[in-house]
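Structure first, then comments.
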There are 4 protein chains.
Amino acid sequence: MKKSLNIGLVGYGFMGRTHSNAFRQAPVFFDLPWRPVLKAVAARNVERVRSFAENWGYESFHTDWRDLVARPDIDLIDIASPNDTHHAIAIAAAKAGKMVMCEKPLGRNAKEASEMTAAVEAAGVPNGVWYNYRFVPAVTMIRQLVDEKKFGRIFHYRAKFLQDWTISRDLPQGGEGLWRLDVSVAGSGVTGDLLAHNIDTALWLNGPIAEVTAMTETFIKERKHNLTGRMEPVGIDDASAFLARFENGSLATFEATRYARGHKALYTLEINGEHASASWDLHDLHRIQYFDHGDEGRVRGWRNIHVTDDDQPYMKHWWVPGLQIGYEHTFIHEFADFVQAAAQGRSAAPTFRDGLATDYVTDAVLASARSGRWERVPSDVHVG
Amino acid sequence: MKKSLNIGLVGYGFMGRTHSNAFRQAPVFFDLPWRPVLKAVAARNVERVRSFAENWGYESFHTDWRDLVARPDIDLIDIASPNDTHHAIAIAAAKAGKMVMCEKPLGRNAKEASEMTAAVEAAGVPNGVWYNYRFVPAVTMIRQLVDEKKFGRIFHYRAKFLQDWTISRDLPQGGEGLWRLDVSVAGSGVTGDLLAHNIDTALWLNGPIAEVTAMTETFIKERKHNLTGRMEPVGIDDASAFLARFENGSLATFEATRYARGHKALYTLEINGEHASASWDLHDLHRIQYFDHGDEGRVRGWRNIHVTDDDQPYMKHWWVPGLQIGYEHTFIHEFADFVQAAAQGRSAAPTFRDGLATDYVTDAVLASARSGRWERVPSDVHVG
Amino acid sequence: MKKSLNIGLVGYGFMGRTHSNAFRQAPVFFDLPWRPVLKAVAARNVERVRSFAENWGYESFHTDWRDLVARPDIDLIDIASPNDTHHAIAIAAAKAGKMVMCEKPLGRNAKEASEMTAAVEAAGVPNGVWYNYRFVPAVTMIRQLVDEKKFGRIFHYRAKFLQDWTISRDLPQGGEGLWRLDVSVAGSGVTGDLLAHNIDTALWLNGPIAEVTAMTETFIKERKHNLTGRMEPVGIDDASAFLARFENGSLATFEATRYARGHKALYTLEINGEHASASWDLHDLHRIQYFDHGDEGRVRGWRNIHVTDDDQPYMKHWWVPGLQIGYEHTFIHEFADFVQAAAQGRSAAPTFRDGLATDYVTDAVLASARSGRWERVPSDVHVG
Amino acid sequence: MKKSLNIGLVGYGFMGRTHSNAFRQAPVFFDLPWRPVLKAVAARNVERVRSFAENWGYESFHTDWRDLVARPDIDLIDIASPNDTHHAIAIAAAKAGKMVMCEKPLGRNAKEASEMTAAVEAAGVPNGVWYNYRFVPAVTMIRQLVDEKKFGRIFHYRAKFLQDWTISRDLPQGGEGLWRLDVSVAGSGVTGDLLAHNIDTALWLNGPIAEVTAMTETFIKERKHNLTGRMEPVGIDDASAFLARFENGSLATFEATRYARGHKALYTLEINGEHASASWDLHDLHRIQYFDHGDEGRVRGWRNIHVTDDDQPYMKHWWVPGLQIGYEHTFIHEFADFVQAAAQGRSAAPTFRDGLATDYVTDAVLASARSGRWERVPSDVHVG
């Protein structure tokens, strides 16, 4: 019988659901070295946490995450609660010798993320950040193509994350499900929420970003706060865009917004190299567009690749060619990778250190938006 | 505590996996009246059935489906084994008073299907056929639009199911994973395998088919048989196409093949009405194309709808707008519907009788391909 | 100075415009051996023909085509008048020793087309039929790929031509601009108007059709006739579909209709071979979708080819890569080919004989729709 | 008989061809108040200018543009020669009282453009700049929708112009067809060549740009110069991107490059407003994507509009619905507008003053790329 991996989850929101699903599904579709056990979940509202535990099959629940971290029978603390809780929970979990997985962004800023990274590294525990889009098979395949030098010298990278769900003035900020609009909880607006995804993937595919120049905007200046019941200034950025130079000499544009009418969750990325280009978008996540300049000129075109075959990343674990998987599978893949590595005493990417790298970029973006100048992204970062 | 629904599965192939996943996932994402229990699985190879049971969490296993049917603690027999086994298992299960779900096509022909339908109806047990594509949210939504009379008079229906996995002459017929090429097991080739899906959806969306004229072809005439080790004549149809007239006066074209290079599982359908049209394809199953002639002319166009919102069928059970689901979810939806109805003593569509209706059409298609004439599809069918 | 090619046009409708534009533009963009001169146009309404001549730069005009044919200074008679006039004009022109170009379909039926073909062949004059879609660069390129054996054995061909402009009951039949709804003028409905295009391209790309089974429908049974002012029975087919077997063993589906809501002029075609597939549609005529099974499996996909490069058919005569041409250019290409061949005493394809081949298929389609049986298409046709 | 509009063209390159085609085609498809006469063309190479004149039907030719401007029988001077010639020719033409049309960008910089604008305004002659993409019917239709307040408050604008034709190191700079790589002739690289198009459309659709921050890059630092035969430093920008704030409060990203492998001439634009969004791209220029938030939520989606109907801009002059036009038609439309206005003594947009507005933005972009700071775009510009 396989060794158990006892999981303690903090948070029962949207991310609590995606993570829990990953814990349940990964062992069925992947041959994992350990057997995940949904041991306990912690969240503040006793009725809701009880119901969540029952629905997802958690053996027990708590209303204070400290109780969870204190349990000796928990191996892995998974943080799926709002951004302002990541720092304290991760550090406490690391100190308690737990493995730690944390929802992105790692911290509300690089300072928090740096301390969290120092903590898991000092504890020597396997750790990971849920930058799940790396685990879309199509995105993983672009990384493979990069590793195989298919693109040659890279000239351009561009990424966007466009949503439209906060356009209404009537949407309040703060509280259940809306903490992403409350700067004190979220740390920032779309920069930490959406751009952070774009940046993580970009760093993974195209290496470090050297410098950025940015602009941010808050289109709706005041919203009712759900906790105070009063109109209050909005502190988050509704939209954020930046130009970047990567260390490899390529140029990039990045943009995220929640005010792009018609786009629900349109994360798009494109990479242009000397010999090839590739692009991908989240609305049809099972496809890559790939252009190979080596093809005969007359019949050269963007190849629309349906990523559902056995020889494409992660897909041999699923169905048969032509049958697409969806969003939730990215979490399953990431968790499978995490467990495989952890059983060998390693951390699978993206680690806390990778999460920190993104926070350095988002800090630089926000700094540039304030300064109106190009800002360097710290390189050769030492933690702890 | 909810009442258990004890499930006994027959078969551990591709469909055994999709059904089992549905049994596991449905109660987490849907509020079901009963609690599915993966009680037992039956299949011939003891090593493989043991491993399958362990992986998917079945409590026990059998190597003879008769032992499964004989168990008094099983409520529902689910048939996911090759086509030639459906008839015997379904009838035995019905006689034993079990609820029965059966993978499509219901029988290898309408005679088998008719007897199976008579059996479940005589037993008065909830029954269903896994025509899972009805449960793609986009497809369900087209049915909603039909029900709401958005299309007006229907002029045209067209459907295709294009694959390319049997083009190689070296592919053998028969045996594990390849029984679909063996006519004695499968009953027919693409007609029962692929066209059956097209037909089921068409009957559901557009009503009964009155008559058909068809052609079939077997491109590769001989293949090695995996069980005999010898080259043997291929009895299945590699490709099948037909013209049809629906009882509502609309015209249709249908085509299925496993020789359409470049298409993995391209099920496409389109319906053209007086006021609107809609189309869908399986390679991007989370989208509908919808044309509403009522839109202002200058800005009229096919609406590319990303079916991931709460107000779209089944989607409130999943994630947030913009985040797509995949193939496997269709089985989860169908099973959730089945359980909801069964708890009320009903059968949810598609029932065995619906499966029989499709088999009448596929029989007529094969008959027309032989006769070279238009063949009427039996209407007002009485079973038992 | 180049020799003049004196052109006499019959008809000033839609096709009179596209042909005239070709006569004007071809010599500017192609290096033609002869210099086209828009010598005269003939049509019945004196005011309109005068205005047309002035607008397009014809030197003179006539109200009776016989006067045009009688002129010794005319080298080429181009027939752009309704279908019921093709037969008489073409035969008279051939007898007068003129080169003849004729709008499609060649005749209202194969009998007319056969006599017309006999006439031009007896006269030994260069002749051509305006099956202009062969001259879409993307379509021509598919023919190149066929000639280069890129597809291997062909399994499937499918083509559709979907329109929606006659759905309204209030649309009258007959008269100016609406003669296509009057069976006595048009000969048939969508079969001769739209399917004829599909068939011509198919014969060119995939060789002869051996047999067909068809259905046709007239959805609106009565329409006001513009010439009589009375409601009269509609004699044309509103929709027409057929299954076919090509002589090379491939299977095909064809469909045309003017009742497919949302489609303006959606001519689509697809060819599936052992090694490759290609598809094209008229709504984005500057693109081909091409799938090459020889590509590495992991990055194999349909190539979306933007046909605007110098090494793609006809495109070196136009602009620069990425800049698309449109519908009217197909006529320019066909006319350029016609003149190149005629200057060498030859006829460029598609000739009258090619037009006749299509009429044999459309006759078989209409016969099958009446008989309900498979009908053979005459092969090895001898004319005259 | 209509009054003649005697045209004198300078330049016989790519743009000389597109303009000449417009002069020939516009009077056939549009009812113009004046009759364009291709009177003379001027260019340096006597053999080539003679051949060009003969091919396009110019009555005469010159090898010095000054001779053209000096002719009393010329009404309109059209400048299609390289950028470094625009300033002198336009000013001389204006002084001679000619109407002036000039290829974009108006000047190599705003100083040149300002003097040119002052000259035509002082002379009071109709004038225009060939920002032809405004005249794509789809783009014109977006402007209509803006004027009709369909979008509500605008939040975002984004535009790109991606090409890949200069990636090879072996491509020389300067001389025939390659002057766009020579900074002394072109003024700048992609900023003036490609971004200028993006900017002109943006100013037209979304109003003035307030400020920008930019980056540029020259990927290949040295290229052989065709005129000197030596390797010489490359002075142009190969890629250019900028962030912008419009005066209406919307945010924008702009990017142009000739190093985006796989893109031939991919001009894309998108506008996101409170109530609607629209996007367009040059590779399928006959389509708009349009999202109307007013549609019923469940069936809301991006409408893929095929802009070929009579009620869509300019399209009633062409063919029938579903039949697309191409690139060259944009010039025809612009010229038709120019003549309509000129006959009334007016200038149609885009005028020299509009061209100057774009040059102010491109100057600010290049200044910001040098300074690393946000640069204001001059507003309320006074010329002369």
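Ordering of the structure tokens sets the chain letters (A, B, ...); residue numbers start at 1 within each chain; ligands are numbered from 1 in the order shown.
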- [ ] Write down as a VMD selection string the residues belonging to range 75-285 of chain A that are assigned helix (DSSP H, G or I) by DSSP computed on the backbone.
- [x] chain A and resid 83 to 95 110 to 123 132 to 135 137 to 147 179 to 181 183 to 186 190 to 206 282 to 284
Would you give me, as a Markdown table, each residue of chain D having an atom within 12 Å of an atom of chain B, along with its shortest atom pair and that distance in Å to one decimal, using only C-alpha atoms and sorting by chain and residue number?
```
| residue | atom | partner | partner_atom | distance |
| --- | --- | --- | --- | --- |
| D:Pro137 | CA | B:Arg298 | CA | 11.5 |
| D:Ala138 | CA | B:Val299 | CA | 10.3 |
| D:Met141 | CA | B:Arg298 | CA | 8.8 |
| D:Ile142 | CA | B:Val299 | CA | 10.1 |
| D:Gln144 | CA | B:Arg298 | CA | 10.7 |
| D:Leu145 | CA | B:Val299 | CA | 9.5 |
| D:Lys150 | CA | B:Val299 | CA | 11.3 |
| D:Ala276 | CA | B:Val299 | CA | 11.9 |
| D:Ala278 | CA | B:Val299 | CA | 10.7 |
| D:Arg287 | CA | B:Gly301 | CA | 9.6 |
| D:Ile288 | CA | B:Val299 | CA | 8.9 |
| D:Gln289 | CA | B:Gly301 | CA | 8.6 |
| D:Tyr290 | CA | B:Val299 | CA | 7.6 |
| D:Phe291 | CA | B:Arg303 | CA | 8.4 |
| D:Asp292 | CA | B:Val299 | CA | 9.6 |
| D:Gly294 | CA | B:Asp295 | CA | 11.2 |
| D:Asp295 | CA | B:Asp295 | CA | 9.2 |
| D:Glu296 | CA | B:Asp311 | CA | 10.6 |
| D:Gly297 | CA | B:Asp311 | CA | 7.8 |
| D:Arg298 | CA | B:Gln312 | CA | 5.9 |
| D:Val299 | CA | B:Ile305 | CA | 6.5 |
| D:Arg300 | CA | B:Ile305 | CA | 6.2 |
| D:Gly301 | CA | B:Ile305 | CA | 4.3 |
| D:Trp302 | CA | B:Arg303 | CA | 5.1 |
| D:Arg303 | CA | B:Arg303 | CA | 4.1 |
| D:Asn304 | CA | B:Gly301 | CA | 4.9 |
| D:Ile305 | CA | B:Gly301 | CA | 4.3 |
| D:His306 | CA | B:Gly301 | CA | 6.9 |
| D:Val307 | CA | B:Arg298 | CA | 8.2 |
| D:Thr308 | CA | B:Arg298 | CA | 9.6 |
| D:Asp309 | CA | B:Arg298 | CA | 7.6 |
| D:Asp310 | CA | B:Arg298 | CA | 8.8 |
| D:Asp311 | CA | B:Arg298 | CA | 6.1 |
| D:Gln312 | CA | B:Arg298 | CA | 5.9 |
| D:Pro313 | CA | B:Arg298 | CA | 9.3 |
| D:Met315 | CA | B:Arg298 | CA | 11.2 |
| D:Pro321 | CA | B:Arg298 | CA | 11.6 |
| D:Gly322 | CA | B:Gly301 | CA | 11.8 |
```
Task: Which of range 48-295 of chain A DSSP labels strand (DSSP E), written as an MDAnalysis selection string - done: chainID A and resid 60:62 76:79 99:102 127:129 154:162 209:217 222:224 231:233 239:246 251:257 266:273 276:281 287:292
Open item on the list: For a quick check of understanding, using only C-alpha atoms, which of C:Gly152, C:Pro27, C:Pro105, C:Pro72 has the smallest distance to Val361 in chain C?
Closed with: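 Looking at the shortest contact to Val361 in chain C, the residue is C:Pro105.
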Open item on the list: From the options C:Ala53, C:Gln324, C:Gly187, C:Ala349, which residue's atoms come nearest to Ala113 in chain C, counting only C-alpha atoms?
Closed with: C:Gly187
